Structures are given as C-alpha cells and as structure tokens.
Amino acid sequence: MSAWERWWNAGKKLLHRDRGTPRQPRSGPGAGQGSAAGPGEKRGLSNWVEDRAQRVVEHAYESHAQDLEHRAMRVMTSVYEKSADDLEERAARALRRAIEAEAEHIKDAIEHGIEVKKREVRLSLLVLVVSSLVYLALYWITNRPAAP
Amino acid sequence: MIDPYTFIRLVTVSLGLVWTATALIRLVRNAGDWKEKLAPLHLDERSWRRWIAIACLRATVLDPLNLALLCLLIALWTLPVGG
C-alpha cells in the first residue's frame with residue numbers, strides 16, 4: 001500500500017468516526033497516539049499499561065521479597081525466642097510452686113497424723129492412769145488401818 | 001487367792017499392752033500407706049525408718065504431757081502395795 005492510499009484510508013476512517021460516533025475527549029493514555037486510535041486500540045493500550053504495571057510491581061516484589069522474608073524471619077525468631085524464654089521461666093515457676101505446695105501438703109498431713117497419734121496415746125495413758133488411781137484409792141480405803 | 005489390787009493392776013497392764021500392740025499395728029499399717037504415697041520421692045529405707053522412729057518418739061515420749069502421764073503410770077505401777 002502506497003503512502004497516498006494510507007493517508008486516504010485514514011481520512012475516510014476519521015470522516016466516518018466524526019459522522020457516526022460522538023467525539024471523545026482527548027484525554028488518557030491514548031491521547032497522544034494520533035487521531036486513528038479506536039476503542040480496541042485504547043483497550044490494547046490499557047492492557048499494555050496494566051501489563052507494564054504488573055511487571056513493575058512483580059519486579060519490585062521479587063527484588064524485595066527475599067529481604068522481606070529475611071526480616072520477617074529475624075523478627076519472628078526474636079519474638080519466638082523471647083516467648084520461649086518467658087514460657088520456660090513461667091513453667092519453671094509454676095512447677096516450683098506446685099512442688100512447694102505438694103511438699104507443704106505432705107508435711108501438713110504428716111503433722112496431722114502425728115497430732116492424732118499424740119491424742120490417742122494421751123487418751124490411752126490417761127485412762128490407765130485414772131484407773132490406776134481409782135483402784136489405788138479403793139485399795140487404800142479397803143486396807144487403811146482401823147481408827148483407834 | 002489373788003489380791004484385788006494385783007488383779008486390777010494386771011488388768012490395766014494388759015489393757016496398756018493391748019493398746020500398745022494395736023497402736024503399733026496401726027502405725028505399721030499407716031507407715032506402709034505413707035510409704036506407697038511417698039514412693040515418687042524415692043526415700044531410702046534408712047531415712048524412712050528414721051522418720052518413722054522420729055514420728056513415734058514425737059507421739060509418745062517427746063510430747064511433755066504424754067511423757068508426764070507415762071512417768072506417772074510407771075510410778076503408780078511400781079508402788080510397793082498389794083501383792
């Protein structure tokens with residue numbers, strides 16, 4: 001196709017567009033592409049911009065993903081270590097408290113048992129002493145010397 | 001014929017011996033129970049017997065009132081009266 005025919009076709013297209021469709025305002029990414037840019041061309045341009053933006057974002061993400069991963073790993077590791085130390089300390093404290101409480105409970109139970117045994121022994125001895133005294137008194141009464 | 005006071009003394013001594021025997025039996029039984037309860041502490045036999053002996057002493061002669069009653073009972077039983 002010669003240069004003249006190309007110009008001719010472009011003029012006809014421009015004429016048909018001016019007659020058939022309302023004139024679009026010259027704004028947006030397709031404004032500088034010449035007067036022959038149609039809706040399909042605008043869509044292609046927006047696709048191109050979209051692809052370009054996606055590529056830029058992907059490139060930026062890939063370039064920073066490793067660094068972000070390392071930083072996140074460091075942060076999570078430090079947080080985990082702090083949490084682990086805190087948990088370990090809390091667990092040791094809880095275990096120590098439980099052992100102390102159990103030892104105190106055993107000690108109280110032993111002391112209570114000893115007190116009970118003391119009372120039993122005391123009661124038995126008291127019964128024996130009282131019975132011995134009673135019968136000693138009876139013996140003294142029955143065997144006392146006669147009054148002059 | 002047996003003297004009444006001697007008879008009563010024999011009865012009280014027998015009663016004391018029976019009570020002592022039953023107390024010892026209960027003590028051995030309770031010590032066995034406690035030994036089972038305290039098995040996780042892995043107490044050795046020597047220290048375990050030592051603790052039992054200390055508990056027995058604390059329940060009897062190491063208690064001032066019980067010691068006084070025991071001394072009084074022995075004094076009453078050794079009075080030179082009767083048969």
# chains A, B, ... in the order shown; residues from 1 in each chain; ligands from 1
$ interface_residues --of "chain B" --to "chain A" --cutoff "7 Å" --atoms "only C-alpha atoms" --output "ChimeraX atom specification"
/B:5,12,55,59-60,66,69-70,73,76
$ residues_around --residues "stretch 37-50 of chain B" --least-positions-apart "4" --cutoff "12 Å" --atoms "only C-alpha atoms" --output "VMD selection string"
(chain A and resid 99 102 to 103 105 to 107 109 to 110) or (chain B and resid 28 30 to 33 54 to 57)
$ select_by_dssp --residues "stretch 2-44 of chain B" --states "alpha helix (DSSP H)" --output "PyMOL selection string"
chain B and resi 4-37
$ atom_distance --atom1 "atom CA of A:Arg144" --atom2 "atom CA of B:Asp3"
15.2 Å
$ atom_distance --atom1 "atom CA of B:Leu24" --atom2 "atom CA of B:Pro64"
20.5 Å
$ atom_distance --atom1 "atom CA of B:Val61" --atom2 "atom CA of A:Glu104"
25.7 Å
